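J.: Contents of model12.cif (mmCIF, C-alpha atoms):
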```
data_work
#
loop_
_atom_site.label_atom_id
_atom_site.label_comp_id
_atom_site.auth_asym_id
_atom_site.auth_seq_id
_atom_site.Cartn_x
_atom_site.Cartn_y
_atom_site.Cartn_z
CA MET P 1 0.16 33.28 127.43
CA TYR P 2 -0.08 31.62 124.04
CA PRO P 3 -0.30 27.82 124.14
CA PHE P 4 2.82 25.71 123.75
CA LYS P 5 3.83 22.08 124.15
CA TYR P 6 5.87 21.40 127.31
CA HIS P 7 8.71 18.87 127.14
CA ARG P 8 10.77 17.23 129.88
CA PRO P 9 14.03 16.09 128.25
CA THR P 10 16.12 13.26 129.68
CA SER P 11 19.53 14.67 128.67
CA VAL P 12 21.11 17.64 126.91
CA ALA P 13 21.22 15.60 123.71
CA ASP P 14 17.50 14.80 124.09
CA ALA P 15 16.78 18.50 124.72
CA VAL P 16 18.46 19.43 121.43
CA LYS P 17 16.51 16.73 119.60
CA LEU P 18 13.22 18.05 121.03
CA PHE P 19 14.25 21.62 120.22
CA GLU P 20 14.94 20.74 116.60
CA ALA P 21 11.69 18.81 116.24
CA GLY P 22 9.61 21.89 117.15
CA ASP P 23 8.65 24.69 114.73
CA ASP P 24 9.75 27.49 117.03
CA SER P 25 11.16 25.98 120.21
CA ALA P 26 12.45 27.69 123.34
CA PHE P 27 14.59 26.45 126.24
CA LEU P 28 13.37 27.05 129.78
CA SER P 29 16.20 27.45 132.28
CA GLY P 30 14.72 29.06 135.39
CA GLY P 31 12.17 31.02 133.41
CA HIS P 32 12.42 34.26 135.35
CA THR P 33 12.83 36.28 132.16
CA LEU P 34 11.13 33.98 129.68
CA LEU P 35 7.88 33.31 131.57
CA PRO P 36 7.19 37.03 132.28
CA ALA P 37 7.86 37.72 128.58
CA LEU P 38 5.42 34.98 127.57
CA LYS P 39 2.78 36.30 129.97
CA ALA P 40 3.08 39.68 128.28
CA ARG P 41 2.61 37.85 124.96
CA LEU P 42 5.96 39.10 123.69
CA ALA P 43 6.79 35.64 122.35
CA ALA P 44 4.88 32.55 121.25
CA PRO P 45 7.14 29.50 121.16
CA SER P 46 5.58 26.30 119.84
CA ASP P 47 7.55 24.03 122.15
CA MET P 48 9.04 24.61 125.60
CA ILE P 49 12.02 22.43 126.47
CA ASP P 50 12.52 22.45 130.27
CA LEU P 51 16.24 22.31 131.04
CA THR P 52 15.66 22.65 134.79
CA VAL P 53 14.96 18.91 135.04
CA LEU P 54 18.48 17.94 133.92
CA PRO P 55 20.84 17.00 136.79
CA GLU P 56 23.82 17.13 134.39
CA LEU P 57 23.37 20.91 134.18
CA LYS P 58 23.68 21.49 137.94
CA GLY P 59 26.73 21.86 140.11
CA ILE P 60 29.94 23.79 140.76
CA GLU P 61 33.41 22.29 140.42
CA LYS P 62 37.00 23.28 140.91
CA THR P 63 39.05 23.46 137.72
CA GLU P 64 42.78 23.84 137.24
CA GLY P 65 42.80 27.63 137.34
CA GLY P 66 39.39 28.47 138.75
CA ILE P 67 35.84 27.12 138.85
CA LEU P 68 33.21 25.68 136.54
CA ILE P 69 29.57 26.56 137.20
CA ARG P 70 27.15 24.38 135.28
CA GLY P 71 24.43 26.18 133.34
CA GLY P 72 21.44 25.04 135.38
CA THR P 73 22.90 26.17 138.71
CA VAL P 74 20.59 28.66 140.44
CA HIS P 75 21.84 32.01 141.75
CA ALA P 76 21.16 31.04 145.38
CA ASP P 77 23.47 28.02 145.07
CA VAL P 78 26.29 30.13 143.59
CA ALA P 79 25.85 32.73 146.33
CA ALA P 80 25.99 30.05 149.06
CA SER P 81 28.77 27.93 147.55
CA ARG P 82 31.81 27.54 149.81
CA LEU P 83 33.93 26.83 146.72
CA VAL P 84 32.86 30.05 144.96
CA ARG P 85 33.25 32.08 148.15
CA ASP P 86 36.77 30.75 148.64
CA THR P 87 37.84 31.05 145.00
CA ILE P 88 36.09 34.16 143.60
CA PRO P 89 34.15 35.68 146.51
CA VAL P 90 32.96 38.62 144.42
CA LEU P 91 31.18 36.21 142.08
CA ALA P 92 29.27 34.70 145.03
CA GLY P 93 28.37 38.21 146.17
CA LEU P 94 27.20 39.18 142.70
CA ALA P 95 24.96 36.11 142.48
CA GLY P 96 23.51 37.01 145.88
CA SER P 97 22.61 40.49 144.60
CA ILE P 98 20.50 39.32 141.65
CA GLY P 99 16.74 39.97 141.80
CA ASP P 100 15.33 38.89 145.14
CA ARG P 101 15.47 35.78 147.31
CA HIS P 102 12.70 33.91 145.45
CA VAL P 103 14.11 34.82 142.05
CA ARG P 104 17.54 33.55 143.14
CA HIS P 105 15.95 30.19 143.99
CA ARG P 106 14.89 29.70 140.34
CA GLY P 107 17.04 31.83 138.02
CA THR P 108 20.15 30.18 136.56
CA ILE P 109 23.54 31.31 135.32
CA GLY P 110 23.00 29.56 131.99
CA GLY P 111 19.70 31.34 131.48
CA SER P 112 21.16 34.72 132.36
CA VAL P 113 24.19 34.30 130.13
CA ALA P 114 22.08 32.94 127.25
CA ASN P 115 19.56 35.80 127.51
CA ASN P 116 22.17 38.60 127.85
CA ASP P 117 19.78 41.19 129.26
CA PRO P 118 21.57 44.57 129.01
CA ALA P 119 21.08 45.09 132.77
CA ALA P 120 21.84 41.54 133.96
CA ASP P 121 24.69 41.00 136.45
CA TYR P 122 26.30 37.76 135.26
CA PRO P 123 27.39 39.07 131.82
CA ALA P 124 29.60 41.68 133.57
CA ALA P 125 31.30 38.96 135.62
CA VAL P 126 31.72 36.66 132.62
CA LEU P 127 33.30 39.42 130.52
CA ALA P 128 35.51 41.00 133.22
CA LEU P 129 36.72 37.63 134.49
CA ASN P 130 37.57 36.53 130.93
CA ALA P 131 35.43 33.44 131.42
CA THR P 132 34.76 30.75 128.86
CA VAL P 133 31.14 30.02 127.94
CA ILE P 134 30.74 26.30 127.32
CA THR P 135 27.89 25.13 125.12
CA ASN P 136 26.86 21.67 123.97
CA ARG P 137 28.86 22.38 120.79
CA ARG P 138 31.92 24.49 121.65
CA ARG P 139 33.90 26.66 124.05
CA ILE P 140 33.55 30.41 123.50
CA ALA P 141 35.74 33.17 124.95
CA ALA P 142 33.69 35.87 126.70
CA ASP P 143 35.08 38.53 124.31
CA ASP P 144 33.52 36.66 121.37
CA TYR P 145 30.34 35.52 123.09
CA PHE P 146 28.32 38.70 123.78
CA THR P 147 27.29 40.43 120.54
CA GLY P 148 24.66 43.01 121.53
CA LEU P 149 21.41 43.65 123.41
CA TYR P 150 19.90 40.23 124.17
CA GLU P 151 22.26 38.88 121.51
CA THR P 152 25.02 36.30 121.74
CA CYS P 153 26.87 34.21 119.18
CA ARG P 154 24.82 31.14 120.15
CA GLN P 155 23.11 29.33 117.30
CA PRO P 156 19.56 27.88 117.53
CA GLY P 157 19.65 24.71 119.64
CA GLU P 158 22.89 25.72 121.34
CA ILE P 159 22.67 25.37 125.13
CA VAL P 160 24.94 27.05 127.70
CA VAL P 161 25.99 23.98 129.68
CA GLY P 162 28.48 25.82 131.88
CA VAL P 163 30.72 28.81 132.45
CA GLU P 164 34.37 28.40 133.39
CA PHE P 165 35.83 31.26 135.43
CA PRO P 166 39.58 31.73 135.88
CA MET P 167 40.59 32.93 139.34
CA PRO P 168 41.68 36.58 139.30
CA ARG P 169 44.29 38.12 141.61
CA SER P 170 41.48 40.30 142.91
CA ALA P 171 38.09 41.57 141.77
CA GLY P 172 35.39 44.06 142.78
CA TYR P 173 31.81 44.78 141.73
CA ALA P 174 29.90 48.01 142.28
CA LYS P 175 26.23 48.32 141.28
CA PHE P 176 23.76 51.17 141.36
CA ARG P 177 20.24 49.78 141.33
CA ASN P 178 17.27 51.10 139.40
CA LEU P 179 14.98 52.10 142.27
CA ALA P 180 11.92 50.48 140.70
CA SER P 181 13.14 47.35 138.91
CA ARG P 182 16.19 46.73 141.17
CA TYR P 183 18.15 45.81 138.04
CA ALA P 184 21.50 47.55 137.52
CA LEU P 185 21.11 51.12 136.32
CA ALA P 186 24.83 50.72 135.88
CA ALA P 187 27.33 48.31 137.39
CA ALA P 188 31.07 47.83 136.98
CA PHE P 189 33.04 44.61 137.45
CA VAL P 190 36.79 45.15 137.75
CA ALA P 191 39.11 42.13 137.74
CA CYS P 192 42.92 42.05 138.05
CA PHE P 193 44.87 39.32 136.30
CA LYS P 194 48.57 38.85 135.79
CA ALA P 195 47.95 39.72 132.14
CA GLY P 196 46.18 42.97 133.02
CA VAL P 197 43.04 44.62 134.33
CA ARG P 198 39.61 43.96 132.80
CA VAL P 199 36.64 46.28 133.33
CA ALA P 200 33.14 45.25 132.20
CA VAL P 201 30.05 47.41 132.61
CA THR P 202 26.42 46.26 132.55
CA GLY P 203 23.18 48.26 132.60
CA ALA P 204 24.62 51.38 131.00
CA TYR P 205 25.76 50.79 127.44
CA SER P 206 23.25 50.70 124.59
CA SER P 207 25.32 47.85 123.12
CA GLY P 208 24.77 45.71 126.25
CA VAL P 209 27.62 44.48 128.45
CA THR P 210 30.82 46.27 127.36
CA ARG P 211 34.51 46.40 128.26
CA VAL P 212 35.85 49.86 129.01
CA THR P 213 39.26 49.60 127.37
CA GLN P 214 40.44 53.16 128.13
CA PHE P 215 39.85 52.50 131.85
CA GLU P 216 41.68 49.17 131.57
CA ALA P 217 44.72 50.83 129.96
CA ALA P 218 44.92 53.47 132.70
CA LEU P 219 44.49 50.88 135.46
CA ASP P 220 47.22 48.70 133.94
CA VAL P 221 49.63 51.59 134.53
CA ASP P 222 48.30 52.67 137.92
CA PHE P 223 45.72 50.51 139.70
CA SER P 224 43.97 53.19 141.71
CA ALA P 225 40.70 55.09 141.61
CA GLU P 226 42.73 58.28 140.98
CA ALA P 227 44.08 56.82 137.74
CA LEU P 228 40.60 57.31 136.20
CA HIS P 229 40.35 60.93 137.36
CA ALA P 230 40.88 62.60 133.97
CA LEU P 231 39.09 59.93 131.92
CA SER P 232 35.44 59.63 130.93
CA VAL P 233 33.15 57.51 128.79
CA ASP P 234 31.05 58.87 125.94
CA SER P 235 27.41 59.51 126.92
CA GLU P 236 26.41 58.81 123.31
CA ASP P 237 27.20 55.13 123.94
CA MET P 238 24.80 54.97 126.91
CA LEU P 239 21.18 53.89 127.33
CA SER P 240 18.72 56.63 128.20
CA ASP P 241 15.32 56.08 129.84
CA ALA P 242 12.95 57.45 132.46
CA ALA P 243 15.24 56.24 135.25
CA ALA P 244 18.47 57.86 134.03
CA SER P 245 19.72 59.98 131.14
CA SER P 246 22.72 58.89 129.10
CA ALA P 247 24.87 61.62 130.71
CA TYR P 248 23.91 60.38 134.17
CA ARG P 249 24.77 56.81 133.22
CA ALA P 250 28.12 57.89 131.74
CA ASN P 251 28.97 59.52 135.05
CA LEU P 252 27.84 56.43 136.98
CA VAL P 253 30.09 54.18 134.87
CA LYS P 254 33.12 56.16 136.01
CA VAL P 255 32.02 56.49 139.64
CA LEU P 256 31.20 52.79 139.96
CA THR P 257 34.42 51.69 138.25
CA ARG P 258 36.40 53.88 140.68
CA ARG P 259 34.56 52.32 143.62
CA ALA P 260 35.07 48.78 142.33
CA VAL P 261 38.80 49.57 142.02
CA ALA P 262 39.04 51.18 145.44
CA ARG P 263 37.11 48.40 147.15
CA GLN P 264 38.48 45.21 145.59
CA GLY P 265 37.37 41.98 147.22
CA GLY P 266 33.77 42.98 147.73
CA VAL P 267 30.40 43.65 146.17
CA HIS P 268 28.96 47.10 146.78
CA ILE P 269 25.33 47.78 146.05
CA TYR P 270 23.98 51.32 146.00
CA LYS P 271 20.29 52.17 145.97
CA MET D 1 -2.75 18.78 127.84
CA ILE D 2 -0.30 17.30 130.26
CA THR D 3 -0.84 15.25 133.41
CA VAL D 4 0.70 16.77 136.53
CA SER D 5 1.03 14.99 139.86
CA MET D 6 2.39 16.55 143.02
CA THR D 7 1.80 16.83 146.73
CA VAL D 8 0.04 20.00 147.86
CA ASN D 9 -0.13 20.66 151.61
CA GLY D 10 0.44 16.96 152.24
CA ASN D 11 -2.24 15.72 149.83
CA ALA D 12 -1.38 13.90 146.61
CA VAL D 13 -3.08 15.59 143.64
CA SER D 14 -3.11 14.82 139.94
CA HIS D 15 -4.86 16.61 137.06
CA ASP D 16 -4.72 17.03 133.30
CA VAL D 17 -3.86 20.68 132.69
CA ALA D 18 -2.87 22.92 129.78
CA ASP D 19 0.91 22.74 129.15
CA GLU D 20 1.24 26.49 129.67
CA MET D 21 -0.75 26.63 132.92
CA LEU D 22 1.07 28.49 135.68
CA LEU D 23 1.46 26.87 139.07
CA VAL D 24 -0.49 29.72 140.71
CA GLU D 25 -3.38 29.12 138.32
CA TYR D 26 -3.32 25.43 139.14
CA LEU D 27 -3.38 26.15 142.87
CA ARG D 28 -6.11 28.77 142.69
CA GLU D 29 -8.33 27.61 139.86
CA THR D 30 -7.95 23.85 139.74
CA LEU D 31 -7.44 23.17 143.45
CA GLY D 32 -9.41 26.14 144.77
CA LEU D 33 -6.58 27.22 147.07
CA THR D 34 -7.20 30.94 146.71
CA GLY D 35 -5.03 31.96 149.66
CA THR D 36 -2.14 32.31 147.23
CA HIS D 37 -2.70 35.72 145.63
CA VAL D 38 -1.73 37.19 142.27
CA GLY D 39 -0.67 40.77 142.80
CA CYS D 40 1.40 41.83 139.82
CA ASP D 41 1.72 38.75 137.58
CA THR D 42 5.19 40.03 136.61
CA THR D 43 7.40 38.31 139.22
CA GLN D 44 7.84 41.41 141.32
CA CYS D 45 5.35 41.65 144.20
CA GLY D 46 5.73 38.25 145.87
CA CYS D 47 2.01 37.84 146.77
CA CYS D 48 2.09 34.40 145.11
CA THR D 49 5.03 33.10 147.18
CA ILE D 50 4.76 29.41 148.02
CA HIS D 51 7.25 26.67 148.94
CA ILE D 52 8.43 23.99 146.50
CA ASP D 53 10.27 21.24 148.41
CA GLY D 54 10.66 23.73 151.24
CA ILE D 55 12.20 26.49 149.09
CA SER D 56 10.34 29.72 148.36
CA ALA D 57 9.23 30.51 144.81
CA LYS D 58 6.95 32.96 143.06
CA SER D 59 4.25 30.63 141.78
CA CYS D 60 3.23 33.07 138.99
CA THR D 61 6.60 32.31 137.39
CA VAL D 62 6.62 28.52 137.58
CA LEU D 63 4.68 26.25 135.24
CA ALA D 64 2.35 23.74 136.89
CA ALA D 65 4.21 21.08 134.87
CA GLN D 66 7.46 22.11 136.57
CA ALA D 67 6.07 21.12 139.98
CA GLU D 68 5.73 17.50 138.84
CA GLY D 69 6.67 15.17 141.72
CA ARG D 70 7.34 18.08 144.09
CA GLU D 71 5.99 18.91 147.51
CA VAL D 72 4.19 22.22 147.36
CA THR D 73 3.12 24.15 150.45
CA THR D 74 0.71 27.09 150.30
CA ILE D 75 -0.55 29.41 153.03
CA GLU D 76 -3.44 26.95 153.61
CA GLY D 77 -0.93 24.25 154.56
CA LEU D 78 1.09 26.23 157.06
CA ALA D 79 -1.07 25.78 160.16
CA LYS D 80 -0.90 22.29 161.62
CA GLY D 81 -4.06 20.77 163.08
CA GLY D 82 -5.67 24.11 163.79
CA GLU D 83 -2.48 25.44 165.42
CA LEU D 84 -1.12 28.53 163.69
CA HIS D 85 2.45 28.49 162.39
CA PRO D 86 4.75 30.70 164.53
CA MET D 87 4.98 33.14 161.60
CA GLN D 88 1.18 33.44 161.41
CA ARG D 89 0.99 34.01 165.17
CA ALA D 90 3.71 36.65 165.00
CA PHE D 91 1.93 38.53 162.17
CA ARG D 92 -1.25 38.56 164.25
CA GLU D 93 0.58 39.60 167.39
CA CYS D 94 2.60 42.40 165.74
CA HIS D 95 -0.24 43.65 163.52
CA GLY D 96 1.92 42.69 160.52
CA LEU D 97 -0.85 43.39 158.02
CA GLN D 98 -3.11 46.21 156.99
CA CYS D 99 -5.25 45.37 153.93
CA GLY D 100 -3.94 41.80 154.00
CA PHE D 101 -3.53 41.24 150.28
CA CYS D 102 0.23 40.67 150.38
CA THR D 103 0.08 38.80 153.70
CA PRO D 104 0.01 35.17 152.44
CA GLY D 105 3.15 35.86 150.40
CA GLN D 106 4.83 37.73 153.25
CA ILE D 107 4.13 34.89 155.67
CA MET D 108 5.30 32.18 153.26
CA ALA D 109 8.47 34.18 152.52
CA GLY D 110 9.12 34.83 156.21
CA ALA D 111 8.50 31.20 157.15
CA GLU D 112 10.94 29.94 154.52
CA LEU D 113 13.50 32.56 155.49
CA ILE D 114 13.68 31.59 159.14
CA GLN D 115 13.52 27.88 158.28
CA THR D 116 16.45 27.89 155.85
CA TRP D 117 18.66 30.82 156.95
CA GLU D 118 21.90 29.68 158.55
CA GLY D 119 23.45 31.83 161.24
CA PRO D 120 22.23 35.03 162.84
CA LEU D 121 19.27 36.89 161.35
CA ASP D 122 19.02 40.56 162.26
CA GLU D 123 16.68 43.33 161.17
CA GLN D 124 18.86 44.46 158.26
CA GLN D 125 19.10 40.93 156.88
CA VAL D 126 15.35 40.42 157.21
CA ARG D 127 14.74 43.63 155.24
CA GLU D 128 17.21 42.56 152.52
CA GLU D 129 15.87 39.01 152.24
CA MET D 130 12.24 40.17 152.16
CA GLU D 131 12.96 42.51 149.23
CA GLY D 132 10.93 40.29 146.90
CA ASN D 133 7.67 40.90 148.81
CA LEU D 134 6.00 44.25 148.33
CA CYS D 135 3.35 45.78 150.60
CA ARG D 136 1.39 48.62 149.03
CA CYS D 137 0.10 49.69 152.45
CA THR D 138 3.83 50.08 153.22
CA GLY D 139 3.40 48.28 156.52
CA TYR D 140 6.98 47.08 156.44
CA HIS D 141 7.93 47.95 160.01
CA ASN D 142 5.43 45.56 161.55
CA ILE D 143 6.14 42.87 158.97
CA VAL D 144 9.82 42.97 159.93
CA LYS D 145 8.89 43.07 163.62
CA ALA D 146 6.70 39.99 163.16
CA ILE D 147 9.43 38.03 161.40
CA LEU D 148 11.93 38.92 164.11
CA MET D 149 9.42 37.82 166.73
CA ALA D 150 9.00 34.48 164.95
CA VAL D 151 12.80 34.14 164.84
CA GLN D 152 12.87 34.69 168.59
CA GLU D 153 10.10 32.20 169.17
CA THR D 154 11.56 29.45 166.99
CA ARG D 155 15.23 29.97 167.88
CA GLY D 156 14.90 31.15 171.46
CA SER D 157 16.52 34.54 170.96
CA ILE D 158 17.00 37.29 168.40
CA ASP D 159 20.48 36.89 167.01
CA ALA D 160 22.24 40.16 166.40
#
```
Using the file provided, produce a representation of the structure as structure tokens.
T.:
Amino acid sequence: MYPFKYHRPTSVADAVKLFEAGDDSAFLSGGHTLLPALKARLAAPSDMIDLTVLPELKGIEKTEGGILIRGGTVHADVAASRLVRDTIPVLAGLAGSIGDRHVRHRGTIGGSVANNDPAADYPAAVLALNATVITNRRRIAADDYFTGLYETCRQPGEIVVGVEFPMPRSAGYAKFRNLASRYALAAAFVACFKAGVRVAVTGAYSSGVTRVTQFEAALDVDFSAEALHALSVDSEDMLSDAAASSAYRANLVKVLTRRAVARQGGVHIYK
Amino acid sequence: MITVSMTVNGNAVSHDVADEMLLVEYLRETLGLTGTHVGCDTTQCGCCTIHIDGISAKSCTVLAAQAEGREVTTIEGLAKGGELHPMQRAFRECHGLQCGFCTPGQIMAGAELIQTWEGPLDEQQVREEMEGNLCRCTGYHNIVKAILMAVQETRGSIDA
């Protein structure tokens, strides 16, 4: 690891001030992606601003139409939350399927959503549930927030302080794990709202988390696994690696979406 | 440099360390507690599992500075006054180790699991929850058996 200066901010405002004072600062919010990357010397920030020390970034609250999860809340707390289980049980189940037990004790929703790993779970939930990403500067609709692999519309010094999820009529999540990394080889989150069905896929698309609009249109007409029978996604849009070809992933996207539709209300992990 | 102060296995410690020092490096190299192993250094194998305020963590993916003010427990702190922890006894009893390299992490993970898990804990759940601890000897059957034995010992019966 290259040397850096570690900072313990006293508030979000103080964190931003410290961030701006550094030459090439980074925020630490759980660190379960950032620290492995630093150990591999893939990055060399000058200053590390530790957001995990801020109580104002922790907690889960009820909102008018759903729930607010603050950015520093760890996956284990989301998975165990009575409020999340009662409001959007699939979201609790998704959080409980991230990484492993020890990772879930440290990794945070804010970190995951800020990093936007193409195989991360939370981005699929944020996009399918039409959530609002709240930063220290603004509120951003999920459709505008994710812009590509590891890319979001966040500006330097912009911190994900929370994510607000509206409560769907029903939702389902189906994930096929990479046998080695345990990340999603492909996973589909399907959510039903009064305004329509939203389908978001993670792990498969080379553009990162993506809505599958042709599936959504078919499911709006007929919400059943059979409604997707004649449809397919383009394998040219898919990632391809040693674990799975793009054609294999394209097939998985359809299979997993069908399963998430057929088994609403639950999280289904295949490995 | 940064000054870090914490409690490790019940003892207050304080040192000036490099800002980027990992907690596992602090435990092993500064404190000489080499029972905590580094297997992969990429947050996958779980050999470096320790407890921070009673919650399991992979100490290769936590900065020493982040443990400021915390209570850290390593494998060296599990036995009390020469008496093995029930999880250590169960691993010995069930032959829950082969080469032994992953064992400190397995025991720390198992101990935290049975300490914090609410409700019944059956074999399937133990296997799921222990997913973050890899054994290259693939001795998983006896590891799971040991954890279930410790569950029985500490809770009186195996819930199923």
J.: Define the interface residues of chain P facing chain D as those within 10 Å, counting all atoms listed in the file, and report them as a VMD selection string.
T.: chain P and resid 1 to 8 30 to 40 47 to 48 50 52 to 53 97 99 to 106 180 to 182
J.: Quick check, in Å to one decimal: how far apart do CA of Ser235 in chain P and CA of Val255 in chain P lie?
T.: 13.9 Å
J.: For a cut-off of 12 Å around (8.0, 21.9, 151.7), file coordinates, pick out all residues using all atoms listed in the file and list them as a list in words.
T.: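 Within the cut-off we find Met6, Thr7, Val8, Asn9, Gly10, Ile50, His51, Ile52, Asp53, Gly54, Ile55, Ser56, Ala57, Ala67, Arg70, Glu71, Val72, Thr73, Thr74, Ile75, Gly77, Leu78, Met108, Ala111, Glu112, Gln115 and Thr116 of chain D.
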J.: Pick out the closest residue to Ala131 in chain P from this set: P:Phe27, P:Tyr145, P:Phe176, P:Phe165. Count all atoms listed in the file.
T.: P:Phe165
J.: Under the PyMOL selection byres ((chain P and resi 121-126) around 8), which residues of this model are included? Write them out as a PyMOL selection string.
T.: chain P and resi 91+94-95+98+109+112-113+116+119-120+127-132+142+163+165+184+187-189+200-202+209-210
J.: Take the residues from that selection and write them out as a CSV table (one decimal), in the coordinates of the input, keeping C-alpha atoms.
T.:
```csv
chain,number,residue,atom,x,y,z
P,91,LEU,CA,31.2,36.2,142.1
P,94,LEU,CA,27.2,39.2,142.7
P,95,ALA,CA,25.0,36.1,142.5
P,98,ILE,CA,20.5,39.3,141.6
P,109,ILE,CA,23.5,31.3,135.3
P,112,SER,CA,21.2,34.7,132.4
P,113,VAL,CA,24.2,34.3,130.1
P,116,ASN,CA,22.2,38.6,127.8
P,119,ALA,CA,21.1,45.1,132.8
P,120,ALA,CA,21.8,41.5,134.0
P,127,LEU,CA,33.3,39.4,130.5
P,128,ALA,CA,35.5,41.0,133.2
P,129,LEU,CA,36.7,37.6,134.5
P,130,ASN,CA,37.6,36.5,130.9
P,131,ALA,CA,35.4,33.4,131.4
P,132,THR,CA,34.8,30.8,128.9
P,142,ALA,CA,33.7,35.9,126.7
P,163,VAL,CA,30.7,28.8,132.4
P,165,PHE,CA,35.8,31.3,135.4
P,184,ALA,CA,21.5,47.6,137.5
P,187,ALA,CA,27.3,48.3,137.4
P,188,ALA,CA,31.1,47.8,137.0
P,189,PHE,CA,33.0,44.6,137.4
P,200,ALA,CA,33.1,45.2,132.2
P,201,VAL,CA,30.0,47.4,132.6
P,202,THR,CA,26.4,46.3,132.6
P,209,VAL,CA,27.6,44.5,128.4
P,210,THR,CA,30.8,46.3,127.4
```
J.: Which residue gives the smallest distance to Gly208 in chain P among P:Lys271, P:Ala21, P:Pro9, P:Leu239, with only C-alpha atoms counted?
T.: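 Selected residue with least distance to Gly208 in chain P: P:Leu239.
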J.: Using the chain letters and numbers from the file, which residues does the PyMOL selection byres ((chain P and resi 262) around 12) grab, as a list of chain:residue names?
T.: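 That expression, the PyMOL selection byres ((chain P and resi 262) around 12), corresponds here to P:Ser170, P:Ala171, P:Gly172, P:Tyr173, P:Ala174, P:Phe189, P:Val190, P:Ala191, P:Leu219, P:Phe223, P:Ser224, P:Ala225, P:Glu226, P:Ala227, P:Leu228, P:Val255, P:Leu256, P:Thr257, P:Arg258, P:Arg259, P:Ala260, P:Val261, P:Arg263, P:Gln264, P:Gly265, P:Gly266, P:Val267, P:His268.
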J.: Identify which of the residues P:Pro166, P:Glu20, P:Arg211, P:Ala250 lies closest to Phe193 in chain P, counting all atoms listed in the file when measuring atom-to-atom distances.
T.: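 The answer is P:Pro166, which sits nearest to Phe193 in chain P.
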J.: Going by the chain IDs and residue numbers used in this file, which residues fall under the PyMOL selection byres ((chain P and resi 207) around 10)? Write them as a list in words.
T.: Pro118, Phe146, Thr147, Gly148, Leu149, Tyr150, Glu151, Thr202, Gly203, Ala204, Tyr205, Ser206, Gly208, Val209, Thr210, Asp237, Met238 and Leu239 of chain P
J.: Okay, now the selection with C-alpha atoms, as a tab-separated table (two decimals), in the coordinates of the input?
T.:
```
chain	number	residue	atom	x	y	z
P	118	PRO	CA	21.57	44.57	129.01
P	146	PHE	CA	28.32	38.70	123.78
P	147	THR	CA	27.29	40.43	120.54
P	148	GLY	CA	24.66	43.01	121.53
P	149	LEU	CA	21.41	43.65	123.41
P	150	TYR	CA	19.90	40.23	124.17
P	151	GLU	CA	22.26	38.88	121.51
P	202	THR	CA	26.42	46.26	132.55
P	203	GLY	CA	23.18	48.26	132.60
P	204	ALA	CA	24.62	51.38	131.00
P	205	TYR	CA	25.76	50.79	127.44
P	206	SER	CA	23.25	50.70	124.59
P	208	GLY	CA	24.77	45.71	126.25
P	209	VAL	CA	27.62	44.48	128.45
P	210	THR	CA	30.82	46.27	127.36
P	237	ASP	CA	27.20	55.13	123.94
P	238	MET	CA	24.80	54.97	126.91
P	239	LEU	CA	21.18	53.89	127.33
```
J.: Save N, CA and C atoms of range 56-66 of chain P from the block above as a short mmCIF file (atom, residue, chain, number, x, y, z; two decimals), in the first residue's frame.
T.:
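Result saved to selection-v7.cif:
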```
data_model
loop_
_atom_site.label_atom_id
_atom_site.label_comp_id
_atom_site.auth_asym_id
_atom_site.auth_seq_id
_atom_site.Cartn_x
_atom_site.Cartn_y
_atom_site.Cartn_z
N GLU P 56 -23.82 10.32 12.21
CA GLU P 56 -24.91 10.89 11.41
C GLU P 56 -25.14 10.11 10.11
N LEU P 57 -24.19 9.24 9.76
CA LEU P 57 -24.36 8.45 8.53
C LEU P 57 -24.91 7.05 8.81
N LYS P 58 -25.30 6.79 10.05
CA LYS P 58 -25.80 5.44 10.37
C LYS P 58 -27.28 5.47 10.73
N GLY P 59 -27.99 4.45 10.34
CA GLY P 59 -29.37 4.31 10.78
C GLY P 59 -30.36 4.09 9.64
N ILE P 60 -31.52 3.58 10.01
CA ILE P 60 -32.59 3.29 9.05
C ILE P 60 -33.87 3.89 9.60
N GLU P 61 -34.59 4.63 8.75
CA GLU P 61 -35.81 5.30 9.22
C GLU P 61 -36.96 5.06 8.27
N LYS P 62 -38.16 5.16 8.83
CA LYS P 62 -39.36 5.10 8.01
C LYS P 62 -39.57 6.46 7.37
N THR P 63 -39.96 6.47 6.10
CA THR P 63 -40.32 7.73 5.45
C THR P 63 -41.78 7.62 5.06
N GLU P 64 -42.29 8.64 4.41
CA GLU P 64 -43.72 8.65 4.06
C GLU P 64 -44.10 7.43 3.21
N GLY P 65 -43.32 7.20 2.15
CA GLY P 65 -43.70 6.09 1.26
C GLY P 65 -42.75 4.91 1.29
N GLY P 66 -41.84 4.86 2.25
CA GLY P 66 -40.88 3.76 2.24
C GLY P 66 -39.88 3.86 3.37
#
```
